[in-house]
Amino acid sequence: MREVAHVYLVSAGRVVLLERAAGLRAGGFWAPPGGHLEAGESPRAAALRELQEELGVCLAPSTLTLLRRAPFRDRTGPGVNWLYVAPLAALPVLHPAPEAARFAAAFPFRFWPRPLLPWAADDLRTLAQA
């Protein structure tokens with residue numbers, strides 16, 4: 001089963017999203033930073049690793065709170081998406097890795113870029129209501 005972990009960096013009513021690089025699954029869509037778990041890796045560790053690889057942001061494991069565990073099925077079979085939130089006093093400087101993202105930016109909860117992955121829109125609505 002495929003497992004994926006993502007992190008929503010949140011501060012002062014804004015959330016960080018990145019536009020996925022061309023050639024990646026869902027290339028051109030906006031989503032939170034994240035990616036596949038490596039062998040033996042926990043979802044939390046994968047989320048932190050992907051955050052560092054994709055945006056150059058390093059956080060302590062205690063910073064992450066699990067938003068939800070979302071089972072899915074796609075053309076490759078079943079999987080699980082682990083979605084975390086990292087509430088921060090201030091957003092860090094973002095350094096998007098070109099192989100992962102074309103752009104990265106912080107958006108107000110109610111003004112999202114398009115196209116946005118459908119499951120990300122669901123999460124952003126949940127975060128906006130919190």
# chains A, B, ... in the order shown; residues from 1 in each chain; ligands from 1
call {"tool": "residues_around", "arguments": {"residues": "A:Gly79", "least_positions_apart": "2", "cutoff": "7 Å", "atoms": "only C-alpha atoms", "output": "ChimeraX atom specification"}}
result
/A:1-3,71-73,77,81
call {"tool": "write_last_selection", "arguments": {"atoms": "all heavy atoms", "output": "PDB file, in the first residue's frame"}}
result
ATOM      1  N   MET A   1       0.847  -1.181   0.000  1.00  0.00           N
ATOM      2  CA  MET A   1       0.000   0.000   0.000  1.00  0.00           C
ATOM      3  C   MET A   1       0.892   1.244   0.000  1.00  0.00           C
ATOM      4  O   MET A   1       1.875   1.320   0.720  1.00  0.00           O
ATOM      5  CB  MET A   1      -0.904   0.003   1.241  1.00  0.00           C
ATOM      6  CG  MET A   1      -1.704   1.272   1.337  1.00  0.00           C
ATOM      7  SD  MET A   1      -2.999   1.300   2.589  1.00  0.00           S
ATOM      8  CE  MET A   1      -2.171   0.806   4.051  1.00  0.00           C
ATOM      9  N   ARG A   2       0.511   2.199  -0.829  1.00  0.00           N
ATOM     10  CA  ARG A   2       1.254   3.454  -0.939  1.00  0.00           C
ATOM     11  C   ARG A   2       0.863   4.376   0.208  1.00  0.00           C
ATOM     12  O   ARG A   2      -0.316   4.531   0.520  1.00  0.00           O
ATOM     13  CB  ARG A   2       0.911   4.095  -2.279  1.00  0.00           C
ATOM     14  CG  ARG A   2       1.809   5.224  -2.678  1.00  0.00           C
ATOM     15  CD  ARG A   2       1.698   5.497  -4.164  1.00  0.00           C
ATOM     16  NE  ARG A   2       0.365   5.883  -4.568  1.00  0.00           N
ATOM     17  CZ  ARG A   2      -0.018   7.133  -4.794  1.00  0.00           C
ATOM     18  NH1 ARG A   2       0.833   8.111  -4.651  1.00  0.00           N
ATOM     19  NH2 ARG A   2      -1.245   7.409  -5.171  1.00  0.00           N
ATOM     20  N   GLU A   3       1.866   4.993   0.847  1.00  0.00           N
ATOM     21  CA  GLU A   3       1.612   5.964   1.911  1.00  0.00           C
ATOM     22  C   GLU A   3       2.308   7.279   1.554  1.00  0.00           C
ATOM     23  O   GLU A   3       3.427   7.284   1.064  1.00  0.00           O
ATOM     24  CB  GLU A   3       2.119   5.463   3.255  1.00  0.00           C
ATOM     25  CG  GLU A   3       1.312   4.309   3.805  1.00  0.00           C
ATOM     26  CD  GLU A   3       1.731   3.966   5.211  1.00  0.00           C
ATOM     27  OE1 GLU A   3       2.674   3.165   5.341  1.00  0.00           O
ATOM     28  OE2 GLU A   3       1.134   4.502   6.159  1.00  0.00           O
ATOM     29  N   PRO A  71      -7.596   7.503   3.713  1.00  0.00           N
ATOM     30  CA  PRO A  71      -7.406   6.404   2.759  1.00  0.00           C
ATOM     31  C   PRO A  71      -7.856   6.838   1.363  1.00  0.00           C
ATOM     32  O   PRO A  71      -8.760   7.655   1.221  1.00  0.00           O
ATOM     33  CB  PRO A  71      -8.322   5.302   3.293  1.00  0.00           C
ATOM     34  CG  PRO A  71      -8.601   5.664   4.715  1.00  0.00           C
ATOM     35  CD  PRO A  71      -8.546   7.163   4.767  1.00  0.00           C
ATOM     36  N   PHE A  72      -7.200   6.317   0.343  1.00  0.00           N
ATOM     37  CA  PHE A  72      -7.584   6.616  -1.030  1.00  0.00           C
ATOM     38  C   PHE A  72      -7.333   5.401  -1.907  1.00  0.00           C
ATOM     39  O   PHE A  72      -6.664   4.447  -1.507  1.00  0.00           O
ATOM     40  CB  PHE A  72      -6.825   7.840  -1.574  1.00  0.00           C
ATOM     41  CG  PHE A  72      -5.340   7.641  -1.713  1.00  0.00           C
ATOM     42  CD1 PHE A  72      -4.798   7.089  -2.867  1.00  0.00           C
ATOM     43  CD2 PHE A  72      -4.476   8.009  -0.684  1.00  0.00           C
ATOM     44  CE1 PHE A  72      -3.431   6.900  -2.995  1.00  0.00           C
ATOM     45  CE2 PHE A  72      -3.109   7.823  -0.817  1.00  0.00           C
ATOM     46  CZ  PHE A  72      -2.582   7.271  -1.973  1.00  0.00           C
ATOM     47  N   ARG A  73      -7.864   5.455  -3.095  1.00  0.00           N
ATOM     48  CA  ARG A  73      -7.586   4.451  -4.120  1.00  0.00           C
ATOM     49  C   ARG A  73      -7.389   5.200  -5.418  1.00  0.00           C
ATOM     50  O   ARG A  73      -8.178   6.053  -5.778  1.00  0.00           O
ATOM     51  CB  ARG A  73      -8.744   3.464  -4.249  1.00  0.00           C
ATOM     52  CG  ARG A  73      -8.507   2.431  -5.354  1.00  0.00           C
ATOM     53  CD  ARG A  73      -9.601   1.389  -5.403  1.00  0.00           C
ATOM     54  NE  ARG A  73      -9.482   0.338  -4.407  1.00  0.00           N
ATOM     55  CZ  ARG A  73      -8.540  -0.615  -4.403  1.00  0.00           C
ATOM     56  NH1 ARG A  73      -7.616  -0.632  -5.318  1.00  0.00           N
ATOM     57  NH2 ARG A  73      -8.528  -1.549  -3.471  1.00  0.00           N
ATOM     58  N   GLY A  77      -3.649   1.534  -7.001  1.00  0.00           N
ATOM     59  CA  GLY A  77      -4.182   0.731  -5.905  1.00  0.00           C
ATOM     60  C   GLY A  77      -4.494   1.565  -4.683  1.00  0.00           C
ATOM     61  O   GLY A  77      -4.581   2.793  -4.755  1.00  0.00           O
ATOM     62  N   ASN A  81      -3.089   8.803   2.856  1.00  0.00           N
ATOM     63  CA  ASN A  81      -2.501  10.134   2.887  1.00  0.00           C
ATOM     64  C   ASN A  81      -2.539  10.615   4.337  1.00  0.00           C
ATOM     65  O   ASN A  81      -3.604  10.717   4.925  1.00  0.00           O
ATOM     66  CB  ASN A  81      -3.301  11.073   1.975  1.00  0.00           C
ATOM     67  CG  ASN A  81      -2.534  12.311   1.591  1.00  0.00           C
ATOM     68  OD1 ASN A  81      -1.450  12.569   2.091  1.00  0.00           O
ATOM     69  ND2 ASN A  81      -3.116  13.093   0.705  1.00  0.00           N
TER      70      ASN A  81
END
call {"tool": "closest_residue", "arguments": {"among": "A:Val57, A:Ala46, A:Ala101, A:Leu117", "to": "A:Ala5", "atoms": "only C-alpha atoms"}}
result
A:Ala46
call {"tool": "residues_around", "arguments": {"residues": "A:Ala60", "least_positions_apart": "3", "cutoff": "10 Å", "atoms": "only C-alpha atoms", "output": "number ranges by chain"}}
result
A: 45, 48, 63-64, 86
call {"tool": "residues_around", "arguments": {"residues": "stretch 17-23 of chain A", "least_positions_apart": "2", "cutoff": "10 Å", "atoms": "only C-alpha atoms", "output": "ChimeraX atom specification"}}
result
/A:7-10,14-15,25-34,54-55,96-107,112-116,120
call {"tool": "atom_distance", "arguments": {"atom1": "atom CA of A:Phe111", "atom2": "atom CA of A:Val16"}}
result
11.9 Å
call {"tool": "select_by_dssp", "arguments": {"residues": "chain A", "states": "strand (DSSP E)", "output": "ChimeraX atom specification"}}
result
/A:2-11,14-20,30-31,34-36,65-74,77-87,101-108
call {"tool": "write_last_selection", "arguments": {"atoms": "C-alpha atoms", "output": "CSV table (one decimal), in the first residue's frame"}}
result
chain,number,residue,atom,x,y,z
A,2,ARG,CA,1.3,3.5,-0.9
A,3,GLU,CA,1.6,6.0,1.9
A,4,VAL,CA,2.1,9.7,1.5
A,5,ALA,CA,2.6,12.5,4.1
A,6,HIS,CA,1.9,16.2,3.7
A,7,VAL,CA,2.3,19.3,6.0
A,8,TYR,CA,0.2,22.4,6.1
A,9,LEU,CA,2.4,25.3,7.4
A,10,VAL,CA,-0.1,27.7,9.0
A,11,SER,CA,0.4,31.2,10.5
A,14,ARG,CA,-2.3,31.9,5.9
A,15,VAL,CA,-1.2,28.5,4.6
A,16,VAL,CA,1.8,27.5,2.6
A,17,LEU,CA,1.1,25.7,-0.7
A,18,LEU,CA,3.4,24.8,-3.6
A,19,GLU,CA,2.8,24.4,-7.2
A,20,ARG,CA,4.0,20.9,-8.0
A,30,TRP,CA,-1.2,23.3,-5.9
A,31,ALA,CA,-0.9,21.3,-2.7
A,34,GLY,CA,4.8,16.3,1.0
A,35,GLY,CA,5.6,12.9,-0.6
A,36,HIS,CA,5.9,9.2,-0.3
A,65,THR,CA,-0.4,17.7,14.7
A,66,LEU,CA,-2.2,15.1,12.7
A,67,LEU,CA,-5.1,16.7,10.9
A,68,ARG,CA,-6.4,13.4,9.4
A,69,ARG,CA,-5.5,10.1,7.9
A,70,ALA,CA,-7.2,9.8,4.5
A,71,PRO,CA,-7.4,6.4,2.8
A,72,PHE,CA,-7.6,6.6,-1.0
A,73,ARG,CA,-7.6,4.5,-4.1
A,74,ASP,CA,-6.0,5.5,-7.4
A,77,GLY,CA,-4.2,0.7,-5.9
A,78,PRO,CA,-5.0,1.6,-2.3
A,79,GLY,CA,-3.1,4.1,-0.2
A,80,VAL,CA,-3.1,6.4,2.8
A,81,ASN,CA,-2.5,10.1,2.9
A,82,TRP,CA,-1.2,11.4,6.3
A,83,LEU,CA,-2.1,15.1,6.6
A,84,TYR,CA,-0.4,17.2,9.3
A,85,VAL,CA,-0.7,20.8,10.4
A,86,ALA,CA,2.2,22.9,11.8
A,87,PRO,CA,0.9,26.0,13.4
A,101,ALA,CA,7.9,22.8,-7.0
A,102,ARG,CA,7.7,25.6,-9.5
A,103,PHE,CA,6.5,28.1,-6.8
A,104,ALA,CA,5.7,28.2,-3.1
A,105,ALA,CA,3.7,30.9,-1.3
A,106,ALA,CA,1.5,31.6,1.7
A,107,PHE,CA,-2.2,32.1,0.8
A,108,PRO,CA,-5.2,33.3,3.0
call {"tool": "closest_residue", "arguments": {"among": "A:Arg75, A:Ser42, A:Ala12, A:Val93", "to": "A:Pro61", "atoms": "only C-alpha atoms"}}
result
A:Ser42
call {"tool": "atom_distance", "arguments": {"atom1": "atom CA of A:His95", "atom2": "atom CA of A:Arg49"}}
result
14.2 Å
call {"tool": "atom_distance", "arguments": {"atom1": "atom CA of A:Arg125", "atom2": "atom CA of A:Arg110"}}
result
7.8 Å
